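Coordinates from upload.cif are shown below (mmCIF, C-alpha atoms).
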```
data_start
loop_
_atom_site.group_PDB
_atom_site.id
_atom_site.type_symbol
_atom_site.label_atom_id
_atom_site.label_comp_id
_atom_site.auth_asym_id
_atom_site.auth_seq_id
_atom_site.Cartn_x
_atom_site.Cartn_y
_atom_site.Cartn_z
ATOM 1 C CA MET A 1 6.646 -7.953 -26.738
ATOM 2 C CA ILE A 2 7.252 -5.901 -23.578
ATOM 3 C CA ASP A 3 9.211 -3.357 -25.646
ATOM 4 C CA ASP A 4 6.386 -3.037 -28.181
ATOM 5 C CA SER A 5 4.713 0.369 -28.406
ATOM 6 C CA ASN A 6 1.250 -1.210 -28.282
ATOM 7 C CA ILE A 7 -0.096 -1.429 -24.712
ATOM 8 C CA TYR A 8 -1.839 -4.722 -25.474
ATOM 9 C CA PHE A 9 1.377 -6.466 -26.497
ATOM 10 C CA LYS A 10 3.264 -4.931 -23.569
ATOM 11 C CA THR A 11 0.717 -6.429 -21.203
ATOM 12 C CA ILE A 12 0.801 -9.864 -22.830
ATOM 13 C CA GLY A 13 4.605 -9.764 -22.677
ATOM 14 C CA CYS A 14 4.554 -8.998 -18.932
ATOM 15 C CA ASP A 15 2.091 -11.818 -18.356
ATOM 16 C CA LEU A 16 4.207 -14.321 -20.313
ATOM 17 C CA LEU A 17 7.357 -13.256 -18.461
ATOM 18 C CA LYS A 18 5.585 -13.552 -15.102
ATOM 19 C CA ASN A 19 4.448 -17.105 -15.890
ATOM 20 C CA LEU A 20 7.923 -18.050 -17.113
ATOM 21 C CA LEU A 21 9.584 -16.676 -13.961
ATOM 22 C CA VAL A 22 7.127 -18.496 -11.699
ATOM 23 C CA ARG A 23 8.281 -21.764 -13.249
ATOM 24 C CA VAL A 24 11.956 -20.777 -13.006
ATOM 25 C CA LYS A 25 11.412 -19.994 -9.325
ATOM 26 C CA ASP A 26 9.584 -23.285 -8.726
ATOM 27 C CA ILE A 27 12.507 -25.367 -10.029
ATOM 28 C CA ARG A 28 14.963 -23.219 -8.020
ATOM 29 C CA SER A 29 17.056 -22.393 -11.053
ATOM 30 C CA ASP A 30 19.859 -19.817 -10.786
ATOM 31 C CA ILE A 31 19.703 -18.885 -14.469
ATOM 32 C CA LEU A 32 18.987 -15.220 -13.720
ATOM 33 C CA GLN A 33 22.150 -14.911 -11.613
ATOM 34 C CA ARG A 34 24.278 -16.788 -14.163
ATOM 35 C CA THR A 35 23.089 -14.830 -17.176
ATOM 36 C CA ASN A 36 22.496 -11.384 -15.618
ATOM 37 C CA LEU A 37 19.020 -11.375 -17.167
ATOM 38 C CA THR A 38 17.529 -9.722 -14.066
ATOM 39 C CA SER A 39 18.595 -6.225 -15.145
ATOM 40 C CA VAL A 40 17.507 -6.918 -18.740
ATOM 41 C CA PHE A 41 13.988 -7.888 -17.685
ATOM 42 C CA GLN A 42 13.764 -5.081 -15.123
ATOM 43 C CA ASP A 43 14.816 -2.475 -17.709
ATOM 44 C CA ALA A 44 12.116 -3.807 -20.026
ATOM 45 C CA ILE A 45 9.302 -3.801 -17.442
ATOM 46 C CA THR A 46 10.041 -0.482 -15.714
ATOM 47 C CA PRO A 47 8.885 1.780 -18.607
ATOM 48 C CA CYS A 48 5.517 -0.037 -18.509
ATOM 49 C CA LEU A 49 4.970 1.433 -15.040
ATOM 50 C CA LEU A 50 4.746 4.881 -16.637
ATOM 51 C CA SER A 51 1.633 3.922 -18.600
ATOM 52 C CA LEU A 52 -0.574 6.359 -16.713
ATOM 53 C CA PRO A 53 -3.334 8.854 -17.483
ATOM 54 C CA THR A 54 -3.663 11.240 -19.141
ATOM 55 C CA ILE A 55 -1.374 9.875 -21.856
ATOM 56 C CA THR A 56 -2.649 6.322 -21.314
ATOM 57 C CA PRO A 57 -6.418 5.802 -20.825
ATOM 58 C CA GLU A 58 -7.336 4.553 -17.348
ATOM 59 C CA GLU A 59 -8.674 1.227 -18.640
ATOM 60 C CA SER A 60 -5.461 0.511 -20.576
ATOM 61 C CA SER A 61 -3.362 1.598 -17.615
ATOM 62 C CA ILE A 62 -5.206 -0.780 -15.269
ATOM 63 C CA TYR A 63 -4.755 -3.576 -17.802
ATOM 64 C CA CYS A 64 -1.007 -2.986 -18.221
ATOM 65 C CA LEU A 65 -0.030 -2.271 -14.614
ATOM 66 C CA GLY A 66 -2.076 -5.268 -13.488
ATOM 67 C CA GLU A 67 0.542 -7.462 -15.162
ATOM 68 C CA ALA A 68 3.665 -5.273 -14.967
ATOM 69 C CA TYR A 69 3.869 -4.949 -11.164
ATOM 70 C CA PRO A 70 3.290 -8.673 -10.458
ATOM 71 C CA ALA A 71 5.889 -9.538 -13.120
ATOM 72 C CA LEU A 72 8.407 -7.228 -11.455
ATOM 73 C CA LEU A 73 7.676 -8.697 -8.030
ATOM 74 C CA VAL A 74 8.163 -12.266 -9.296
ATOM 75 C CA LEU A 75 11.371 -11.158 -11.015
ATOM 76 C CA PHE A 76 12.811 -9.870 -7.729
ATOM 77 C CA GLU A 77 11.727 -13.004 -5.870
ATOM 78 C CA THR A 78 13.256 -15.310 -8.486
ATOM 79 C CA ALA A 79 16.519 -13.380 -8.690
ATOM 80 C CA TYR A 80 17.170 -12.555 -5.048
ATOM 81 C CA LYS A 81 15.323 -15.166 -2.966
ATOM 82 C CA SER A 82 16.708 -18.260 -4.671
ATOM 83 C CA PRO A 83 17.625 -21.133 -2.288
ATOM 84 C CA SER A 84 20.716 -21.701 -4.451
ATOM 85 C CA SER A 85 22.049 -18.211 -3.755
ATOM 86 C CA LYS A 86 25.706 -18.128 -2.684
ATOM 87 C CA ASN A 87 25.441 -14.784 -0.901
ATOM 88 C CA LYS A 88 22.046 -14.677 0.794
ATOM 89 C CA ALA A 89 22.769 -11.566 2.891
ATOM 90 C CA LYS A 90 23.716 -9.482 -0.138
ATOM 91 C CA ASP A 91 20.788 -10.830 -2.182
ATOM 92 C CA GLN A 92 18.360 -10.046 0.637
ATOM 93 C CA GLU A 93 19.666 -6.485 0.819
ATOM 94 C CA THR A 94 19.337 -6.097 -2.956
ATOM 95 C CA TYR A 95 15.821 -7.547 -2.777
ATOM 96 C CA ILE A 96 14.700 -5.040 -0.141
ATOM 97 C CA ASN A 97 16.325 -2.119 -1.969
ATOM 98 C CA SER A 98 14.655 -3.140 -5.252
ATOM 99 C CA LEU A 99 11.234 -3.374 -3.602
ATOM 100 C CA ALA A 100 11.681 -0.045 -1.841
ATOM 101 C CA LYS A 101 12.715 1.735 -5.036
ATOM 102 C CA VAL A 102 9.636 0.530 -6.917
ATOM 103 C CA LEU A 103 7.355 1.380 -3.976
ATOM 104 C CA ARG A 104 8.622 4.949 -3.673
ATOM 105 C CA SER A 105 9.599 5.842 -7.232
ATOM 106 C CA ASN A 106 6.743 4.123 -9.040
ATOM 107 C CA ILE A 107 3.747 3.151 -6.910
ATOM 108 C CA ILE A 108 3.610 6.135 -4.552
ATOM 109 C CA SER A 109 4.740 8.579 -7.250
ATOM 110 C CA SER A 110 2.054 7.232 -9.574
ATOM 111 C CA LEU A 111 -0.591 7.692 -6.890
ATOM 112 C CA HIS A 112 0.422 11.332 -6.536
ATOM 113 C CA HIS A 113 0.582 11.775 -10.304
ATOM 114 C CA ILE A 114 -2.966 10.566 -10.960
ATOM 115 C CA SER A 115 -4.506 12.466 -8.043
ATOM 116 C CA SER A 116 -5.100 16.193 -8.016
ATOM 117 C CA SER A 117 -4.929 18.773 -5.257
ATOM 118 C CA THR A 118 -7.372 21.653 -5.289
ATOM 119 C CA PRO A 119 -6.927 24.477 -2.748
ATOM 120 C CA ALA A 120 -9.934 24.675 -0.477
ATOM 121 C CA ALA A 121 -10.161 27.312 2.242
ATOM 122 C CA ALA A 122 -7.109 27.004 4.502
ATOM 123 C CA SER A 123 -6.329 23.414 3.593
ATOM 124 C CA THR A 124 -5.640 21.304 0.540
ATOM 125 C CA GLN A 125 -8.063 18.584 -0.407
ATOM 126 C CA THR A 126 -6.947 15.768 -2.671
ATOM 127 C CA SER A 127 -9.311 14.336 -5.266
ATOM 128 C CA PHE A 128 -9.023 11.075 -7.168
ATOM 129 C CA PRO A 129 -10.107 11.419 -10.816
ATOM 130 C CA TYR A 130 -9.018 7.811 -11.522
ATOM 131 C CA PRO A 131 -10.362 5.881 -8.504
ATOM 132 C CA ARG A 132 -10.135 2.398 -10.049
ATOM 133 C CA LEU A 133 -6.486 2.868 -10.996
ATOM 134 C CA SER A 134 -5.746 4.403 -7.575
ATOM 135 C CA ALA A 135 -7.315 1.365 -5.902
ATOM 136 C CA GLN A 136 -5.152 -0.961 -8.003
ATOM 137 C CA LEU A 137 -1.984 0.948 -7.090
ATOM 138 C CA LEU A 138 -2.890 0.837 -3.400
ATOM 139 C CA THR A 139 -3.380 -2.926 -3.632
ATOM 140 C CA MET A 140 0.037 -3.287 -5.267
ATOM 141 C CA ALA A 141 1.533 -1.125 -2.530
ATOM 142 C CA GLY A 142 0.141 -3.662 -0.052
ATOM 143 C CA SER A 143 1.902 -6.516 -1.882
ATOM 144 C CA PHE A 144 5.237 -4.699 -1.745
ATOM 145 C CA VAL A 145 4.729 -3.752 1.917
ATOM 146 C CA GLU A 146 4.144 -7.412 2.806
ATOM 147 C CA GLU A 147 7.466 -8.296 1.170
ATOM 148 C CA LEU A 148 9.299 -5.384 2.786
ATOM 149 C CA GLY A 149 8.148 -6.493 6.235
ATOM 150 C CA ILE A 150 9.697 -4.517 9.072
ATOM 151 C CA ASN A 151 11.567 -2.362 6.533
ATOM 152 C CA THR A 152 8.216 -0.656 5.918
ATOM 153 C CA VAL A 153 9.006 1.684 8.832
ATOM 154 C CA LYS A 154 11.428 3.608 6.602
ATOM 155 C CA TYR A 155 8.636 4.531 4.214
ATOM 156 C CA LEU A 156 5.779 5.392 6.563
ATOM 157 C CA GLN A 157 6.302 9.093 5.881
ATOM 158 C CA ASP A 158 5.524 8.410 2.221
ATOM 159 C CA LEU A 159 2.703 5.912 2.796
ATOM 160 C CA ILE A 160 0.625 7.399 5.627
ATOM 161 C CA PRO A 161 -0.336 10.666 3.852
ATOM 162 C CA VAL A 162 -1.707 8.597 0.948
ATOM 163 C CA PHE A 163 -3.957 6.595 3.274
ATOM 164 C CA TYR A 164 -5.013 9.684 5.218
ATOM 165 C CA THR A 165 -6.135 11.589 2.107
ATOM 166 C CA THR A 166 -7.862 8.509 0.679
ATOM 167 C CA LEU A 167 -9.808 7.591 3.813
ATOM 168 C CA SER A 168 -10.772 11.187 4.604
ATOM 169 C CA ASN A 169 -12.044 11.818 1.064
ATOM 170 C CA PRO A 170 -15.613 13.171 1.500
ATOM 171 C CA PHE A 171 -16.639 11.443 -1.753
ATOM 172 C CA GLY A 172 -15.227 8.079 -0.687
ATOM 173 C CA MET A 173 -18.650 6.436 -0.474
ATOM 174 C CA GLU A 174 -19.670 7.290 -4.041
ATOM 175 C CA HIS A 175 -20.047 4.211 -6.201
ATOM 176 C CA SER A 176 -17.003 5.061 -8.336
ATOM 177 C CA HIS A 177 -14.803 5.711 -5.285
ATOM 178 C CA PHE A 178 -16.019 2.965 -2.950
ATOM 179 C CA GLY A 179 -13.470 0.422 -4.208
ATOM 180 C CA LEU A 180 -10.664 2.896 -3.517
ATOM 181 C CA THR A 181 -11.842 3.539 0.047
ATOM 182 C CA LEU A 182 -12.230 -0.187 0.698
ATOM 183 C CA SER A 183 -8.752 -0.911 -0.707
ATOM 184 C CA ALA A 184 -7.248 1.791 1.515
ATOM 185 C CA ALA A 185 -8.861 0.289 4.636
ATOM 186 C CA MET A 186 -7.627 -3.203 3.739
ATOM 187 C CA VAL A 187 -4.067 -2.292 2.714
ATOM 188 C CA LEU A 188 -3.658 -0.014 5.736
ATOM 189 C CA GLN A 189 -3.863 -3.144 7.881
ATOM 190 C CA SER A 190 -0.692 -4.456 6.218
ATOM 191 C CA VAL A 191 1.044 -1.124 6.735
ATOM 192 C CA ILE A 192 0.175 -1.109 10.453
ATOM 193 C CA LYS A 193 1.301 -4.728 10.943
ATOM 194 C CA ASN A 194 4.600 -4.332 9.110
ATOM 195 C CA GLY A 195 5.417 -0.823 10.295
ATOM 196 C CA HIS A 196 4.271 -1.325 13.899
ATOM 197 C CA PRO A 197 7.459 -0.150 15.703
ATOM 198 C CA ARG A 198 6.970 3.396 14.390
ATOM 199 C CA ILE A 199 3.265 3.505 13.606
ATOM 200 C CA TRP A 200 2.582 5.321 16.887
ATOM 201 C CA ARG A 201 4.089 8.485 15.409
ATOM 202 C CA TRP A 202 1.266 8.586 12.868
ATOM 203 C CA ARG A 203 -1.623 7.702 15.194
ATOM 204 C CA GLY A 204 -3.238 11.129 14.786
ATOM 205 C CA GLU A 205 -3.394 10.954 10.989
ATOM 206 C CA LEU A 206 -4.529 7.329 11.025
ATOM 207 C CA LEU A 207 -7.270 7.856 13.595
ATOM 208 C CA SER A 208 -8.454 10.937 11.730
ATOM 209 C CA GLY A 209 -8.627 9.097 8.404
ATOM 210 C CA LEU A 210 -10.339 6.011 9.851
ATOM 211 C CA CYS A 211 -12.873 8.099 11.759
ATOM 212 C CA SER A 212 -13.633 10.210 8.683
ATOM 213 C CA ALA A 213 -14.254 7.104 6.575
ATOM 214 C CA TRP A 214 -16.541 5.646 9.256
ATOM 215 C CA ILE A 215 -18.576 8.858 9.546
ATOM 216 C CA HIS A 216 -18.909 9.209 5.775
ATOM 217 C CA ALA A 217 -20.157 5.619 5.585
ATOM 218 C CA ALA A 218 -22.660 6.179 8.390
ATOM 219 C CA GLU A 219 -24.022 9.383 6.864
ATOM 220 C CA ASP A 220 -24.221 8.205 3.251
ATOM 221 C CA PRO A 221 -27.813 7.315 2.309
ATOM 222 C CA SER A 222 -27.124 5.920 -1.161
ATOM 223 C CA THR A 223 -24.715 3.059 -0.376
ATOM 224 C CA SER A 224 -26.196 -0.397 0.157
ATOM 225 C CA ARG A 225 -26.134 -1.954 3.618
ATOM 226 C CA GLU A 226 -23.971 -4.778 2.331
ATOM 227 C CA MET A 227 -21.306 -2.401 1.024
ATOM 228 C CA LYS A 228 -21.357 -0.372 4.226
ATOM 229 C CA GLU A 229 -20.893 -3.480 6.351
ATOM 230 C CA MET A 230 -18.013 -4.587 4.153
ATOM 231 C CA LEU A 231 -16.191 -1.270 4.628
ATOM 232 C CA GLU A 232 -17.066 -0.966 8.311
ATOM 233 C CA ASN A 233 -15.652 -4.432 8.971
ATOM 234 C CA GLU A 234 -12.303 -3.493 7.388
ATOM 235 C CA LEU A 235 -12.205 -0.175 9.256
ATOM 236 C CA LYS A 236 -12.830 -1.989 12.561
ATOM 237 C CA ILE A 237 -9.977 -4.405 11.874
ATOM 238 C CA ALA A 238 -7.635 -1.513 11.048
ATOM 239 C CA VAL A 239 -8.603 0.313 14.261
ATOM 240 C CA LYS A 240 -8.127 -2.822 16.381
ATOM 241 C CA LEU A 241 -4.667 -3.327 14.906
ATOM 242 C CA LEU A 242 -3.766 0.311 15.514
ATOM 243 C CA LEU A 243 -4.957 0.245 19.127
ATOM 244 C CA HIS A 244 -3.159 -3.073 19.724
ATOM 245 C CA VAL A 245 0.089 -1.563 18.427
ATOM 246 C CA LEU A 246 -0.350 1.490 20.655
ATOM 247 C CA GLN A 247 -1.053 -0.726 23.667
ATOM 248 C CA ASN A 248 2.064 -2.811 23.040
ATOM 249 C CA PRO A 249 4.956 -0.444 22.248
ATOM 250 C CA VAL A 250 8.198 -1.962 20.997
ATOM 251 C CA THR A 251 11.115 -1.581 23.386
ATOM 252 C CA ILE A 252 14.315 -0.691 21.547
ATOM 253 C CA PRO A 253 17.459 -0.218 23.694
ATOM 254 C CA GLY A 254 18.800 3.298 23.398
ATOM 255 C CA ASP A 255 15.708 4.601 21.602
ATOM 256 C CA GLU A 256 14.959 8.116 22.837
ATOM 257 C CA SER A 257 11.306 7.850 21.826
ATOM 258 C CA GLN A 258 10.410 5.349 24.569
ATOM 259 C CA LYS A 259 8.851 8.068 26.727
ATOM 260 C CA GLU A 260 6.770 9.330 23.833
ATOM 261 C CA GLN A 261 5.538 5.805 23.098
ATOM 262 C CA ALA A 262 4.613 5.330 26.748
ATOM 263 C CA GLN A 263 2.765 8.654 26.683
ATOM 264 C CA ALA A 264 0.880 7.628 23.540
ATOM 265 C CA LYS A 265 -0.157 4.377 25.226
ATOM 266 C CA GLU A 266 -1.308 6.248 28.326
ATOM 267 C CA ASN A 267 -3.303 8.811 26.324
ATOM 268 C CA MET A 268 -4.909 6.254 24.021
ATOM 269 C CA VAL A 269 -7.985 5.490 26.141
ATOM 270 C CA GLY A 270 -8.643 9.174 26.745
ATOM 271 C CA ASP A 271 -8.220 10.019 23.057
ATOM 272 C CA VAL A 272 -10.720 7.356 21.998
ATOM 273 C CA LYS A 273 -13.173 8.554 24.641
ATOM 274 C CA LYS A 274 -12.910 12.142 23.369
ATOM 275 C CA LEU A 275 -13.524 11.043 19.796
ATOM 276 C CA VAL A 276 -16.657 9.088 20.749
ATOM 277 C CA GLU A 277 -17.937 11.964 22.881
ATOM 278 C CA ALA A 278 -17.417 14.357 19.969
ATOM 279 C CA ASP A 279 -19.410 12.105 17.626
ATOM 280 C CA PRO A 280 -21.355 9.143 19.072
ATOM 281 C CA VAL A 281 -21.478 7.593 15.587
ATOM 282 C CA LEU A 282 -17.885 6.480 16.229
ATOM 283 C CA THR A 283 -18.990 4.170 19.059
ATOM 284 C CA GLY A 284 -19.378 1.276 16.626
ATOM 285 C CA LEU A 285 -15.851 1.830 15.293
ATOM 286 C CA PHE A 286 -14.116 1.521 18.650
ATOM 287 C CA PHE A 287 -16.432 -0.695 20.708
#
```

Kindly return the structure encoded in the file as structure tokens.
Amino acid sequence: MIDDSNIYFKTIGCDLLKNLLVRVKDIRSDILQRTNLTSVFQDAITPCLLSLPTITPEESSIYCLGEAYPALLVLFETAYKSPSSKNKAKDQETYINSLAKVLRSNIISSLHHISSSTPAAASTQTSFPYPRLSAQLLTMAGSFVEELGINTVKYLQDLIPVFYTTLSNPFGMEHSHFGLTLSAAMVLQSVIKNGHPRIWRWRGELLSGLCSAWIHAAEDPSTSREMKEMLENELKIAVKLLLHVLQNPVTIPGDESQKEQAQAKENMVGDVKKLVEADPVLTGLFF
């Protein structure tokens, strides 16, 4: 069914496989290791991840990817996190590498593929013609980041620009884009928590994106109060996490960036003060 050319049957196949693997994982079976079915299932699911606009309609893409990514995640968990594993260190390494490959080669690449960049003045502004699909991909990125844990630091250079462009999107409060902006604010919290040892390097981009989203929400007259409060709450949480990380730098023996981290911590209060002075609307974001 997963190999079928019809998107409907592909999706049903991914859903059936996901449910089957959940049960295999629950009984702690090592059948995937014994039969080498992991690669067979992965090779079947991976082409489904390419079901993207414009070839695949957005609605069909959301439907298919909504089952394909969870099925792939359960496959990795069942194959490489089994309690009956005889080589846990190797399986853990394979698990992390598999997650990282999907995150970079599929999720992030797909986000870039379905967005468009239009030159504007001296900068480049990214637009999101498929906001619902972009929101779904961001949510899946959050699931993979949670599994990657501290290994997320290796992929911050790929992740942070996505969140910056999404949160700073001037049309982020439009009804069709609101879900995307909200997803970005929520998933960014996972990125900050799991990538905290190196998140300080990206504080400028993160603060800029979070502040832009807050200002756009404050200035938008068409969005309901309930929706604004929902977004503002998530933005506040993200900012608190970011400031907490900056206030508590990680000490790594032999790391040459310790001085830079200390400088970032020292400058933090002054930077926040300057931002609020530049636009008093930001007072509610930081205080």

Would you kindly return, as a VMD selection string, each protein, DNA or RNA residue with an atom no farther than 9 Å from any atom of Lys10 in chain A, considering only C-alpha atoms and excluding same-chain residues fewer than 4 positions away?
chain A and resid 1 to 6 14 to 15 45 48 64 68

Can I get the selected residues back with C-alpha atoms, as an mmCIF file, keeping the file's coordinate frame?
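In the end it all went to selection.cif:
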```cif
data_model
loop_
_atom_site.group_PDB
_atom_site.id
_atom_site.type_symbol
_atom_site.label_atom_id
_atom_site.label_comp_id
_atom_site.auth_asym_id
_atom_site.auth_seq_id
_atom_site.Cartn_x
_atom_site.Cartn_y
_atom_site.Cartn_z
ATOM 1 C CA MET A 1 6.646 -7.953 -26.738
ATOM 2 C CA ILE A 2 7.252 -5.901 -23.578
ATOM 3 C CA ASP A 3 9.211 -3.357 -25.646
ATOM 4 C CA ASP A 4 6.386 -3.037 -28.181
ATOM 5 C CA SER A 5 4.713 0.369 -28.406
ATOM 6 C CA ASN A 6 1.250 -1.210 -28.282
ATOM 7 C CA CYS A 14 4.554 -8.998 -18.932
ATOM 8 C CA ASP A 15 2.091 -11.818 -18.356
ATOM 9 C CA ILE A 45 9.302 -3.801 -17.442
ATOM 10 C CA CYS A 48 5.517 -0.037 -18.509
ATOM 11 C CA CYS A 64 -1.007 -2.986 -18.221
ATOM 12 C CA ALA A 68 3.665 -5.273 -14.967
#
```

CA of Leu133 in chain A to CA of Thr94 in chain A measures 28.5 Å

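This file gives the following result for the PyMOL selection byres ((chain A and resi 46) around 9): Phe41, Gln42, Asp43, Ala44, Ile45, Pro47, Cys48, Leu49, Leu50, Ala68, Tyr69, Leu72, Val102 and Asn106 of chain A.
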
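Shortest separation to Ala264 in chain A among A:Ile199, A:Ala217, A:Val281, A:Leu17 occurs at residue A:Ile199, atoms counted being only C-alpha atoms.
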
**OP:** Extract, using only C-alpha atoms, all DNA, RNA and protein residues at most 10 Å from Leu282 in chain A, discarding same-chain residues fewer than 3 positions from it, and format them as JSON, numbers by chain.
**Re:** {"A": [210, 211, 212, 214, 215, 218, 272, 273, 275, 276, 277, 278, 279, 285, 286, 287]}

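What the PyMOL selection byres ((chain A and resi 247) around 12) matches in the given file is His196, Pro197, Ile199, Trp200, Arg203, Lys240, Leu241, Leu242, Leu243, His244, Val245, Leu246, Asn248, Pro249, Val250, Gln261, Ala262, Gln263, Ala264, Lys265, Glu266, Asn267, Met268 and Val269 of chain A.
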
Judged by only C-alpha atoms, the minimum distance to Ala213 in chain A among A:Leu167, A:Ala238, A:Leu231, A:Ile108 is found for A:Leu167

Please provide the set of residues having any atom within 8 Å of Lys81 in chain A, restricted to only C-alpha atoms, with same-chain residues fewer than 6 positions apart removed, written as a PDB file with C-alpha atoms, in the coordinates of the input.
```
ATOM      1  CA  LYS A  88      22.046 -14.677   0.794  1.00  0.00           C
ATOM      2  CA  ASP A  91      20.788 -10.830  -2.182  1.00  0.00           C
ATOM      3  CA  GLN A  92      18.360 -10.046   0.637  1.00  0.00           C
ATOM      4  CA  TYR A  95      15.821  -7.547  -2.777  1.00  0.00           C
TER       5      TYR A  95
END
```
